[in-house]
Amino acid sequence: MAEAEVQPTDAKQLLSSAASSTIEAYQQMEMPMFRYIGLVIVPAAVFFVISLTIVFTVHLPVLVALPIPLLGILGLTTAVIYPKLLRDRRKKQIEDRLHLFITHMTVLSTANMDRVQVFRVLSEEKEYKELALEMQRIVQLVDTWNQSLDDALRIRARKVPSKPLSDFFDRLAYTIGAGGTIQDFLASEQDVVIQNYVTIYEGALQNLEVMKDLYLSMILSVTFALVFATVLPILSGTNPTMTVSAVVVMFAFVQMGFLFMIQTTAPYDPVWYHPEQKDRTASERKVRLSVIAGIVLTVISIAICLLILLGRTSVDPSSIPLPIFAALPTTPLILPGLVVRREEGKVKERDDEFTNFIRALGASETAKQSTTTNVLETLRKKDFGALTPDINDLYIRLSMRIESELAWRHFTADARSYLIQKFSEMYLIGRQMGGEPKHLGELISGNMNEVMQLREQRQQSTMTLIGVLYGITAASTFAFFIGLEIVTILSGMSVDLNTSQLNIGTIIHTGVYNIPMIEYLLVIIILLNSVLSSLMIRIVDGGHKVNAYMHFVLLTWVSALIAWVTRVVVQTFLNV
């Protein structure tokens, strides 16, 4: 009885929390609440009513009519919860970058810099997105409205959507108000911030596991729906092309919905660094050339396939199964995928070595009381794996009296690592502002080690997702083409079963089927699944966008081969 009483209470509290959070999001919108309701929610509600009207006034098959009100519900629901989604997006942007932001602030605080100037410098870091905007608001409160820094922090603490940032602002405001220094406060906050980041990161990975299970169950449901949409019309006489098309659309909506949910759930931790100046490093040139070659070869493959279909070659189009025909033009895209995969492996190796390098650099500079150039002359002779050539190039540039900032910028561009770029920039700024090298090196190395450990967990989660996506792709394709082959065989059998006493056409409606069109629709759903699944993998692993090309090709070929083998095996067994 106690459990029965607790569960409704928990559900009520959950709904109350969601409602209050949504109302708060409406109140914090830049657009006035009533204007948003009039411009967005009211048209969405009208669209929902129209979708219901169509269902009840126009006679359509169930599988065709069902997606129409679902589309109306989706539009209305999205319009209602969009402000909350926007607020949650701001929260995610803050919490994904908070550990880098606090580390950057700690580095700046070690220099002889005015405390408001620390916030002013951070407000110019566009990479921090919402955090940079928060810094701008705090600076505006101090400069324009003559608020003290601690009062400005307390004001923004009540407005930010992130609880960790709100608590951080409150603690920092109390420290400043009590006469403490930012440097001492941030030094003591490092462990708290890192542990909080670890909790958030691991929570996001756990949410991805839940999302994976939901995705698996939803795709299985849609697979059964598609098989029924293919097979049942032979008994009901409905138009199978319409029913299969409707399920294909529903399948696309389900996968795009999960793609959006995974994108909002996955932690922000990119592997690659893409400089705004578009430096043409050796790595960049390899990736660009491979992408160009892959696209050109794909276009050529498409042209050849079209010529075969049009009968302009000696190859018989009917000799190549349609799924194989669809997979052939995608094959060249695996070239850029493999190139990027190899280059990404080098980037990860550099990340692993950078923690040792930056710690050794900081300790050596402090011990020798020398410049970075003199220290690098010794360090470049040591083995730092994949990072050794980049360290050697950094030493050469610095020894040639190239400006330090420009030399480090080339170093991070060559490394192509997001973490190396951010932490190298922090180290350089800290050194220029007079920070102690050993303290900076240990601080940066410790924080980066935590991130690298979390990346190991993310890699395991990614491998699990890859296995699930490839497995469900193979199983779904098998089910799709089993249904298609059953219909094809029944269509052929119905001709021989007609007698004077029984017209089999009144029981089995084979005339409604356009088998080639159904097969084309199934091939479309195969390609659609490959595209969206490869994008999911790319979002979860945080790697280069071109990584999706390789998985797209592999998923397409897995589906094509499963489809071909399924049809051959079924025909062989039934013909025997």
# chains A, B, ... in the order shown; residues from 1 in each chain; ligands from 1

$ residues_around --residues "region 27-33 of chain A" --least-positions-apart "4" --cutoff "7 Å" --atoms "only C-alpha atoms" --output "ChimeraX atom specification"
/A:23,37,83

$ select_by_dssp --residues "region 325-444 of chain A" --states "alpha helix (DSSP H)" --output "mmCIF file with N, CA and C atoms, in the first residue's frame"
data_model
loop_
_atom_site.group_PDB
_atom_site.id
_atom_site.type_symbol
_atom_site.label_atom_id
_atom_site.label_comp_id
_atom_site.auth_asym_id
_atom_site.auth_seq_id
_atom_site.Cartn_x
_atom_site.Cartn_y
_atom_site.Cartn_z
ATOM 1 N N PHE A 325 22.367 -2.765 -56.628
ATOM 2 C CA PHE A 325 22.449 -1.621 -57.537
ATOM 3 C C PHE A 325 22.473 -0.311 -56.746
ATOM 4 N N ALA A 326 21.692 -0.242 -55.673
ATOM 5 C CA ALA A 326 21.645 0.975 -54.856
ATOM 6 C C ALA A 326 22.917 1.162 -54.042
ATOM 7 N N ALA A 327 23.549 0.053 -53.652
ATOM 8 C CA ALA A 327 24.741 0.142 -52.810
ATOM 9 C C ALA A 327 26.002 0.468 -53.609
ATOM 10 N N ILE A 334 33.614 5.322 -49.020
ATOM 11 C CA ILE A 334 34.368 4.701 -47.933
ATOM 12 C C ILE A 334 35.813 5.198 -47.919
ATOM 13 N N LEU A 335 36.310 5.695 -49.063
ATOM 14 C CA LEU A 335 37.685 6.194 -49.128
ATOM 15 C C LEU A 335 37.924 7.356 -48.161
ATOM 16 N N PRO A 336 37.149 8.467 -48.222
ATOM 17 C CA PRO A 336 37.370 9.535 -47.237
ATOM 18 C C PRO A 336 37.104 9.074 -45.806
ATOM 19 N N GLY A 337 36.164 8.137 -45.645
ATOM 20 C CA GLY A 337 35.888 7.639 -44.305
ATOM 21 C C GLY A 337 37.097 6.950 -43.701
ATOM 22 N N LEU A 338 37.786 6.115 -44.496
ATOM 23 C CA LEU A 338 38.974 5.415 -43.999
ATOM 24 C C LEU A 338 40.127 6.378 -43.745
ATOM 25 N N VAL A 339 40.286 7.376 -44.615
ATOM 26 C CA VAL A 339 41.358 8.365 -44.422
ATOM 27 C C VAL A 339 41.148 9.146 -43.129
ATOM 28 N N VAL A 340 39.920 9.589 -42.915
ATOM 29 C CA VAL A 340 39.628 10.364 -41.702
ATOM 30 C C VAL A 340 39.770 9.487 -40.459
ATOM 31 N N ARG A 341 39.385 8.235 -40.560
ATOM 32 C CA ARG A 341 39.524 7.324 -39.414
ATOM 33 C C ARG A 341 40.993 7.176 -39.014
ATOM 34 N N ARG A 342 41.871 7.064 -40.022
ATOM 35 C CA ARG A 342 43.301 6.938 -39.728
ATOM 36 C C ARG A 342 43.852 8.238 -39.128
ATOM 37 N N GLU A 343 43.454 9.393 -39.693
ATOM 38 C CA GLU A 343 43.931 10.670 -39.168
ATOM 39 C C GLU A 343 43.381 10.924 -37.763
ATOM 40 N N GLU A 344 42.166 10.473 -37.522
ATOM 41 C CA GLU A 344 41.576 10.656 -36.193
ATOM 42 C C GLU A 344 42.308 9.815 -35.156
ATOM 43 N N GLY A 345 42.788 8.644 -35.565
ATOM 44 C CA GLY A 345 43.600 7.838 -34.659
ATOM 45 C C GLY A 345 44.862 8.571 -34.239
ATOM 46 N N LYS A 346 45.474 9.311 -35.186
ATOM 47 C CA LYS A 346 46.667 10.100 -34.860
ATOM 48 C C LYS A 346 46.328 11.248 -33.912
ATOM 49 N N VAL A 347 45.168 11.880 -34.118
ATOM 50 C CA VAL A 347 44.749 12.971 -33.231
ATOM 51 C C VAL A 347 44.584 12.455 -31.800
ATOM 52 N N LYS A 348 43.981 11.283 -31.659
ATOM 53 C CA LYS A 348 43.798 10.706 -30.323
ATOM 54 C C LYS A 348 45.130 10.334 -29.686
ATOM 55 N N GLU A 349 46.092 9.882 -30.493
ATOM 56 C CA GLU A 349 47.423 9.596 -29.960
ATOM 57 C C GLU A 349 48.081 10.875 -29.458
ATOM 58 N N ARG A 350 47.908 11.971 -30.190
ATOM 59 C CA ARG A 350 48.477 13.249 -29.739
ATOM 60 C C ARG A 350 47.841 13.697 -28.425
ATOM 61 N N ASP A 351 46.528 13.478 -28.294
ATOM 62 C CA ASP A 351 45.857 13.815 -27.032
ATOM 63 C C ASP A 351 46.464 13.044 -25.866
ATOM 64 N N ASP A 352 46.733 11.763 -26.084
ATOM 65 C CA ASP A 352 47.301 10.943 -25.013
ATOM 66 C C ASP A 352 48.677 11.450 -24.585
ATOM 67 N N GLU A 353 49.467 11.941 -25.538
ATOM 68 C CA GLU A 353 50.826 12.387 -25.230
ATOM 69 C C GLU A 353 50.881 13.821 -24.717
ATOM 70 N N PHE A 354 49.852 14.604 -24.996
ATOM 71 C CA PHE A 354 49.913 16.027 -24.650
ATOM 72 C C PHE A 354 49.973 16.242 -23.143
ATOM 73 N N THR A 355 49.295 15.414 -22.360
ATOM 74 C CA THR A 355 49.318 15.612 -20.906
ATOM 75 C C THR A 355 50.743 15.483 -20.362
ATOM 76 N N ASN A 356 51.497 14.487 -20.868
ATOM 77 C CA ASN A 356 52.894 14.340 -20.439
ATOM 78 C C ASN A 356 53.743 15.520 -20.907
ATOM 79 N N PHE A 357 53.480 15.969 -22.130
ATOM 80 C CA PHE A 357 54.272 17.070 -22.681
ATOM 81 C C PHE A 357 54.054 18.369 -21.908
ATOM 82 N N ILE A 358 52.791 18.727 -21.657
ATOM 83 C CA ILE A 358 52.530 20.025 -21.021
ATOM 84 C C ILE A 358 52.996 20.020 -19.561
ATOM 85 N N ARG A 359 52.914 18.860 -18.907
ATOM 86 C CA ARG A 359 53.408 18.777 -17.529
ATOM 87 C C ARG A 359 54.931 18.889 -17.499
ATOM 88 N N ALA A 360 55.595 18.214 -18.445
ATOM 89 C CA ALA A 360 57.059 18.296 -18.517
ATOM 90 C C ALA A 360 57.508 19.703 -18.894
ATOM 91 N N LEU A 361 56.783 20.340 -19.797
ATOM 92 C CA LEU A 361 57.134 21.695 -20.213
ATOM 93 C C LEU A 361 57.031 22.674 -19.042
ATOM 94 N N GLY A 362 55.933 22.609 -18.303
ATOM 95 C CA GLY A 362 55.759 23.511 -17.173
ATOM 96 C C GLY A 362 56.790 23.280 -16.087
ATOM 97 N N ALA A 363 57.046 21.999 -15.749
ATOM 98 C CA ALA A 363 58.025 21.695 -14.702
ATOM 99 C C ALA A 363 59.431 22.129 -15.119
ATOM 100 N N SER A 364 59.779 21.920 -16.388
ATOM 101 C CA SER A 364 61.126 22.283 -16.861
ATOM 102 C C SER A 364 61.307 23.793 -16.895
ATOM 103 N N GLU A 365 60.297 24.528 -17.320
ATOM 104 C CA GLU A 365 60.407 25.985 -17.349
ATOM 105 C C GLU A 365 60.590 26.553 -15.950
ATOM 106 N N THR A 366 59.894 25.990 -14.980
ATOM 107 C CA THR A 366 60.030 26.473 -13.599
ATOM 108 C C THR A 366 61.397 26.100 -13.030
ATOM 109 N N ALA A 367 61.836 24.879 -13.291
ATOM 110 C CA ALA A 367 63.121 24.427 -12.734
ATOM 111 C C ALA A 367 64.297 25.183 -13.344
ATOM 112 N N LYS A 368 64.271 25.396 -14.660
ATOM 113 C CA LYS A 368 65.399 26.047 -15.342
ATOM 114 C C LYS A 368 65.297 27.556 -15.361
ATOM 115 N N THR A 372 60.439 29.207 -23.067
ATOM 116 C CA THR A 372 59.851 28.009 -23.660
ATOM 117 C C THR A 372 60.737 27.452 -24.758
ATOM 118 N N THR A 373 61.387 28.334 -25.533
ATOM 119 C CA THR A 373 62.242 27.892 -26.637
ATOM 120 C C THR A 373 63.407 27.047 -26.127
ATOM 121 N N ASN A 374 64.061 27.493 -25.080
ATOM 122 C CA ASN A 374 65.207 26.762 -24.544
ATOM 123 C C ASN A 374 64.784 25.417 -23.960
ATOM 124 N N VAL A 375 63.641 25.383 -23.325
ATOM 125 C CA VAL A 375 63.157 24.135 -22.751
ATOM 126 C C VAL A 375 62.789 23.149 -23.857
ATOM 127 N N LEU A 376 62.142 23.649 -24.923
ATOM 128 C CA LEU A 376 61.734 22.776 -26.024
ATOM 129 C C LEU A 376 62.934 22.173 -26.744
ATOM 130 N N GLU A 377 64.075 22.855 -26.705
ATOM 131 C CA GLU A 377 65.272 22.318 -27.338
ATOM 132 C C GLU A 377 65.656 20.964 -26.741
ATOM 133 N N THR A 378 65.380 20.814 -25.446
ATOM 134 C CA THR A 378 65.643 19.537 -24.782
ATOM 135 C C THR A 378 64.470 18.566 -24.944
ATOM 136 N N LEU A 379 63.251 19.087 -24.762
ATOM 137 C CA LEU A 379 62.068 18.218 -24.791
ATOM 138 C C LEU A 379 61.828 17.600 -26.160
ATOM 139 N N THR A 388 55.506 14.202 -31.324
ATOM 140 C CA THR A 388 56.914 14.604 -31.453
ATOM 141 C C THR A 388 57.174 15.506 -32.656
ATOM 142 N N PRO A 389 56.680 15.185 -33.868
ATOM 143 C CA PRO A 389 56.923 16.104 -34.998
ATOM 144 C C PRO A 389 56.331 17.492 -34.776
ATOM 145 N N ASP A 390 55.181 17.580 -34.134
ATOM 146 C CA ASP A 390 54.560 18.887 -33.885
ATOM 147 C C ASP A 390 55.364 19.687 -32.857
ATOM 148 N N ILE A 391 55.909 19.001 -31.846
ATOM 149 C CA ILE A 391 56.754 19.692 -30.858
ATOM 150 C C ILE A 391 58.020 20.207 -31.529
ATOM 151 N N ASN A 392 58.587 19.421 -32.413
ATOM 152 C CA ASN A 392 59.791 19.837 -33.141
ATOM 153 C C ASN A 392 59.509 21.056 -34.007
ATOM 154 N N ASP A 393 58.351 21.062 -34.675
ATOM 155 C CA ASP A 393 57.970 22.218 -35.496
ATOM 156 C C ASP A 393 57.738 23.456 -34.629
ATOM 157 N N LEU A 394 57.146 23.275 -33.456
ATOM 158 C CA LEU A 394 56.936 24.399 -32.541
ATOM 159 C C LEU A 394 58.267 25.001 -32.115
ATOM 160 N N TYR A 395 59.242 24.147 -31.809
ATOM 161 C CA TYR A 395 60.570 24.650 -31.419
ATOM 162 C C TYR A 395 61.211 25.436 -32.569
ATOM 163 N N ILE A 396 61.115 24.899 -33.785
ATOM 164 C CA ILE A 396 61.728 25.577 -34.941
ATOM 165 C C ILE A 396 61.112 26.950 -35.139
ATOM 166 N N ARG A 397 59.785 27.041 -35.036
ATOM 167 C CA ARG A 397 59.118 28.342 -35.229
ATOM 168 C C ARG A 397 59.525 29.331 -34.144
ATOM 169 N N LEU A 398 59.556 28.870 -32.895
ATOM 170 C CA LEU A 398 59.932 29.780 -31.805
ATOM 171 C C LEU A 398 61.389 30.204 -31.910
ATOM 172 N N SER A 399 62.264 29.295 -32.315
ATOM 173 C CA SER A 399 63.679 29.634 -32.443
ATOM 174 C C SER A 399 63.930 30.592 -33.606
ATOM 175 N N SER A 404 55.117 34.223 -30.531
ATOM 176 C CA SER A 404 54.720 33.036 -29.754
ATOM 177 C C SER A 404 53.288 32.618 -30.046
ATOM 178 N N GLU A 405 52.373 33.587 -30.085
ATOM 179 C CA GLU A 405 50.970 33.247 -30.313
ATOM 180 C C GLU A 405 50.776 32.591 -31.665
ATOM 181 N N LEU A 406 51.485 33.104 -32.685
ATOM 182 C CA LEU A 406 51.360 32.538 -34.028
ATOM 183 C C LEU A 406 51.982 31.141 -34.085
ATOM 184 N N ALA A 407 53.115 30.945 -33.408
ATOM 185 C CA ALA A 407 53.770 29.633 -33.398
ATOM 186 C C ALA A 407 52.893 28.595 -32.718
ATOM 187 N N TRP A 408 52.284 28.952 -31.594
ATOM 188 C CA TRP A 408 51.389 28.005 -30.906
ATOM 189 C C TRP A 408 50.124 27.739 -31.722
ATOM 190 N N ARG A 409 49.669 28.760 -32.460
ATOM 191 C CA ARG A 409 48.484 28.559 -33.302
ATOM 192 C C ARG A 409 48.771 27.532 -34.392
ATOM 193 N N HIS A 410 49.971 27.592 -34.983
ATOM 194 C CA HIS A 410 50.354 26.588 -35.976
ATOM 195 C C HIS A 410 50.496 25.206 -35.327
ATOM 196 N N PHE A 411 50.983 25.175 -34.102
ATOM 197 C CA PHE A 411 51.129 23.908 -33.384
ATOM 198 C C PHE A 411 49.767 23.240 -33.183
ATOM 199 N N THR A 412 48.795 24.002 -32.726
ATOM 200 C CA THR A 412 47.458 23.432 -32.505
ATOM 201 C C THR A 412 46.779 23.087 -33.823
ATOM 202 N N ALA A 413 47.044 23.874 -34.880
ATOM 203 C CA ALA A 413 46.457 23.556 -36.190
ATOM 204 C C ALA A 413 47.019 22.252 -36.730
ATOM 205 N N ASP A 414 48.326 22.037 -36.546
ATOM 206 C CA ASP A 414 48.936 20.780 -37.000
ATOM 207 C C ASP A 414 48.418 19.596 -36.191
ATOM 208 N N ALA A 415 48.225 19.794 -34.885
ATOM 209 C CA ALA A 415 47.751 18.708 -34.030
ATOM 210 C C ALA A 415 46.299 18.349 -34.336
ATOM 211 N N TYR A 418 40.987 19.245 -30.542
ATOM 212 C CA TYR A 418 40.205 20.265 -29.833
ATOM 213 C C TYR A 418 40.770 20.515 -28.438
ATOM 214 N N LEU A 419 41.085 19.447 -27.722
ATOM 215 C CA LEU A 419 41.607 19.610 -26.363
ATOM 216 C C LEU A 419 42.990 20.255 -26.372
ATOM 217 N N ILE A 420 43.833 19.846 -27.290
ATOM 218 C CA ILE A 420 45.168 20.452 -27.363
ATOM 219 C C ILE A 420 45.058 21.933 -27.673
ATOM 220 N N GLN A 421 44.149 22.294 -28.561
ATOM 221 C CA GLN A 421 43.981 23.715 -28.894
ATOM 222 C C GLN A 421 43.540 24.530 -27.682
ATOM 223 N N LYS A 422 42.537 24.037 -26.951
ATOM 224 C CA LYS A 422 42.023 24.792 -25.810
ATOM 225 C C LYS A 422 43.061 24.896 -24.696
ATOM 226 N N PHE A 423 43.709 23.782 -24.355
ATOM 227 C CA PHE A 423 44.649 23.805 -23.237
ATOM 228 C C PHE A 423 45.965 24.491 -23.604
ATOM 229 N N SER A 424 46.374 24.399 -24.863
ATOM 230 C CA SER A 424 47.573 25.132 -25.297
ATOM 231 C C SER A 424 47.337 26.632 -25.219
ATOM 232 N N GLU A 425 46.148 27.055 -25.636
ATOM 233 C CA GLU A 425 45.797 28.476 -25.553
ATOM 234 C C GLU A 425 45.810 28.958 -24.100
ATOM 235 N N MET A 426 45.271 28.124 -23.200
ATOM 236 C CA MET A 426 45.282 28.503 -21.787
ATOM 237 C C MET A 426 46.704 28.615 -21.256
ATOM 238 N N TYR A 427 47.567 27.669 -21.608
ATOM 239 C CA TYR A 427 48.946 27.697 -21.133
ATOM 240 C C TYR A 427 49.675 28.933 -21.652
ATOM 241 N N LEU A 428 49.473 29.233 -22.927
ATOM 242 C CA LEU A 428 50.135 30.393 -23.525
ATOM 243 C C LEU A 428 49.687 31.682 -22.851
ATOM 244 N N ILE A 429 48.385 31.824 -22.642
ATOM 245 C CA ILE A 429 47.868 33.039 -21.996
ATOM 246 C C ILE A 429 48.398 33.144 -20.563
ATOM 247 N N GLY A 430 48.394 32.012 -19.855
ATOM 248 C CA GLY A 430 48.901 32.023 -18.487
ATOM 249 C C GLY A 430 50.359 32.425 -18.415
ATOM 250 N N ARG A 431 51.170 31.933 -19.349
ATOM 251 C CA ARG A 431 52.596 32.308 -19.365
ATOM 252 C C ARG A 431 52.771 33.783 -19.720
ATOM 253 N N GLN A 432 51.992 34.266 -20.679
ATOM 254 C CA GLN A 432 52.115 35.672 -21.071
ATOM 255 C C GLN A 432 51.711 36.615 -19.944
ATOM 256 N N PRO A 437 54.734 28.405 -14.557
ATOM 257 C CA PRO A 437 54.615 27.321 -15.545
ATOM 258 C C PRO A 437 54.281 25.969 -14.923
ATOM 259 N N LYS A 438 54.936 25.618 -13.806
ATOM 260 C CA LYS A 438 54.698 24.315 -13.203
ATOM 261 C C LYS A 438 53.252 24.173 -12.755
ATOM 262 N N HIS A 439 52.708 25.226 -12.125
ATOM 263 C CA HIS A 439 51.311 25.178 -11.679
ATOM 264 C C HIS A 439 50.368 25.057 -12.865
ATOM 265 N N LEU A 440 50.657 25.806 -13.941
ATOM 266 C CA LEU A 440 49.810 25.756 -15.138
ATOM 267 C C LEU A 440 49.855 24.364 -15.764
ATOM 268 N N GLY A 441 51.062 23.784 -15.868
ATOM 269 C CA GLY A 441 51.194 22.468 -16.472
ATOM 270 C C GLY A 441 50.466 21.394 -15.688
ATOM 271 N N GLU A 442 50.579 21.436 -14.367
ATOM 272 C CA GLU A 442 49.896 20.439 -13.543
ATOM 273 C C GLU A 442 48.381 20.603 -13.594
ATOM 274 N N LEU A 443 47.936 21.859 -13.575
ATOM 275 C CA LEU A 443 46.490 22.130 -13.644
ATOM 276 C C LEU A 443 45.899 21.614 -14.946
ATOM 277 N N ILE A 444 46.553 21.948 -16.061
ATOM 278 C CA ILE A 444 46.046 21.550 -17.375
ATOM 279 C C ILE A 444 46.144 20.036 -17.547
#

$ residues_around --residues "region 254-264 of chain A" --least-positions-apart "6" --cutoff "10 Å" --atoms "only C-alpha atoms" --output "VMD selection string"
chain A and resid 85 88 to 89 92 to 93 204 207 to 208 211 to 212 214 to 215 218 to 219 222 248 528 to 529 532 to 533 535 to 540

$ write_last_selection --atoms "N, CA and C atoms" --output "short mmCIF file (atom, residue, chain, number, x, y, z; two decimals), in the first residue's frame"
data_model
loop_
_atom_site.label_atom_id
_atom_site.label_comp_id
_atom_site.auth_asym_id
_atom_site.auth_seq_id
_atom_site.Cartn_x
_atom_site.Cartn_y
_atom_site.Cartn_z
N LEU A 85 12.76 23.53 -24.54
CA LEU A 85 13.86 22.92 -25.28
C LEU A 85 15.00 23.92 -25.48
N ASP A 88 16.75 24.28 -22.19
CA ASP A 88 17.57 23.09 -21.95
C ASP A 88 18.82 23.08 -22.83
N ARG A 89 18.68 23.62 -24.03
CA ARG A 89 19.85 23.72 -24.91
C ARG A 89 20.88 24.67 -24.33
N LYS A 92 22.61 22.88 -21.56
CA LYS A 92 23.59 21.89 -22.04
C LYS A 92 24.86 22.57 -22.53
N GLN A 93 24.71 23.70 -23.24
CA GLN A 93 25.88 24.43 -23.71
C GLN A 93 26.75 24.88 -22.53
N ALA A 204 25.12 11.69 -18.97
CA ALA A 204 24.76 11.75 -20.39
C ALA A 204 24.99 10.41 -21.06
N ASN A 207 22.20 8.15 -20.12
CA ASN A 207 21.00 8.51 -20.90
C ASN A 207 21.07 7.96 -22.31
N LEU A 208 22.27 7.92 -22.88
CA LEU A 208 22.44 7.35 -24.22
C LEU A 208 22.13 5.85 -24.21
N MET A 211 18.49 5.63 -24.26
CA MET A 211 18.04 6.00 -25.60
C MET A 211 18.24 4.85 -26.58
N LYS A 212 19.34 4.12 -26.41
CA LYS A 212 19.62 2.98 -27.29
C LYS A 212 18.54 1.91 -27.15
N LEU A 214 15.43 2.36 -26.09
CA LEU A 214 14.18 2.89 -26.66
C LEU A 214 14.21 2.82 -28.18
N TYR A 215 15.35 3.17 -28.75
CA TYR A 215 15.49 3.13 -30.21
C TYR A 215 15.29 1.71 -30.73
N MET A 218 11.57 0.83 -30.63
CA MET A 218 10.78 1.59 -31.61
C MET A 218 11.04 1.10 -33.03
N ILE A 219 12.30 0.83 -33.37
CA ILE A 219 12.61 0.36 -34.72
C ILE A 219 12.03 -1.03 -34.96
N VAL A 222 8.37 -0.44 -35.73
CA VAL A 222 8.17 0.08 -37.09
C VAL A 222 8.46 -1.01 -38.12
N VAL A 248 7.01 4.14 -44.39
CA VAL A 248 8.34 4.70 -44.69
C VAL A 248 8.45 6.10 -44.11
N LEU A 528 17.76 5.38 -46.29
CA LEU A 528 17.41 6.34 -45.25
C LEU A 528 17.94 5.87 -43.89
N ASN A 529 17.78 4.59 -43.61
CA ASN A 529 18.28 4.04 -42.35
C ASN A 529 19.80 4.16 -42.26
N LEU A 532 20.76 7.99 -41.54
CA LEU A 532 20.45 8.46 -40.19
C LEU A 532 21.24 7.68 -39.13
N SER A 533 21.44 6.38 -39.34
CA SER A 533 22.22 5.60 -38.38
C SER A 533 23.68 6.05 -38.36
N LEU A 535 24.77 9.01 -39.03
CA LEU A 535 24.81 10.31 -38.34
C LEU A 535 24.73 10.13 -36.83
N MET A 536 23.93 9.16 -36.37
CA MET A 536 23.86 8.88 -34.93
C MET A 536 25.22 8.46 -34.39
N ILE A 537 25.90 7.57 -35.13
CA ILE A 537 27.22 7.11 -34.69
C ILE A 537 28.19 8.27 -34.62
N ARG A 538 28.14 9.13 -35.62
CA ARG A 538 29.06 10.27 -35.65
C ARG A 538 28.82 11.22 -34.48
N ILE A 539 27.54 11.45 -34.13
CA ILE A 539 27.23 12.34 -33.01
C ILE A 539 27.72 11.75 -31.70
N VAL A 540 27.53 10.46 -31.52
CA VAL A 540 27.90 9.83 -30.25
C VAL A 540 29.41 9.75 -30.08
#

$ closest_residue --among "A:Trp564, A:Phe101, A:Phe168, A:Phe48" --to "Phe480 (chain A)" --atoms "only C-alpha atoms"
A:Trp564

$ residues_around --residues "Gln190 (chain A)" --least-positions-apart "2" --cutoff "12 Å" --atoms "only C-alpha atoms" --output "list in words"
Leu98, His99, Leu100, Phe101, Ile102, Thr103, His104, Met105, Thr106, Val107, Phe168, Gln183, Asp184, Phe185, Leu186, Ala187, Ser188, Val192, Val193, Ile194, Gln195, Asn196, Tyr197, Glu442, Leu443, Ile444, Gly446, Asn447 and Glu450 of chain A

$ residues_around --residues "Val512 (chain A)" --least-positions-apart "5" --cutoff "8 Å" --atoms "only C-alpha atoms" --output "short mmCIF file (atom, residue, chain, number, x, y, z; two decimals) with C-alpha atoms, in the first residue's frame"
data_model
loop_
_atom_site.label_atom_id
_atom_site.label_comp_id
_atom_site.auth_asym_id
_atom_site.auth_seq_id
_atom_site.Cartn_x
_atom_site.Cartn_y
_atom_site.Cartn_z
CA PRO A 233 -2.98 -5.89 -48.41
CA ILE A 234 -2.91 -9.28 -50.15
CA GLY A 237 -7.18 -5.52 -50.97
CA THR A 238 -5.94 -2.08 -49.89
CA ASN A 239 -3.30 -0.28 -51.91
CA PRO A 240 0.05 -1.60 -50.58
#

$ closest_residue --among "A:Leu141, A:Asp269, A:Val569, A:Thr78" --to "Met448 (chain A)" --atoms "only C-alpha atoms"
A:Asp269

$ atom_distance --atom1 "CA of Asp170 (chain A)" --atom2 "CA of Arg154 (chain A)"
5.8 Å

$ atom_distance --atom1 "CA of Phe34 (chain A)" --atom2 "CA of Lys163 (chain A)"
27.5 Å

$ residues_around --residues "Pro267 (chain A)" --least-positions-apart "3" --cutoff "8 Å" --atoms "only C-alpha atoms" --output "PyMOL selection string"
chain A and resi 96+201+204-205

$ residues_around --residues "Pro321 (chain A)" --least-positions-apart "5" --cutoff "12 Å" --atoms "only C-alpha atoms" --output "MDAnalysis selection string"
chainID A and resid 309 316 326:328 516 519:520 523 560:568

$ closest_residue --among "A:Tyr26, A:Asn112, A:Arg97, A:Gly483" --to "Val80 (chain A)" --atoms "only C-alpha atoms"
A:Tyr26
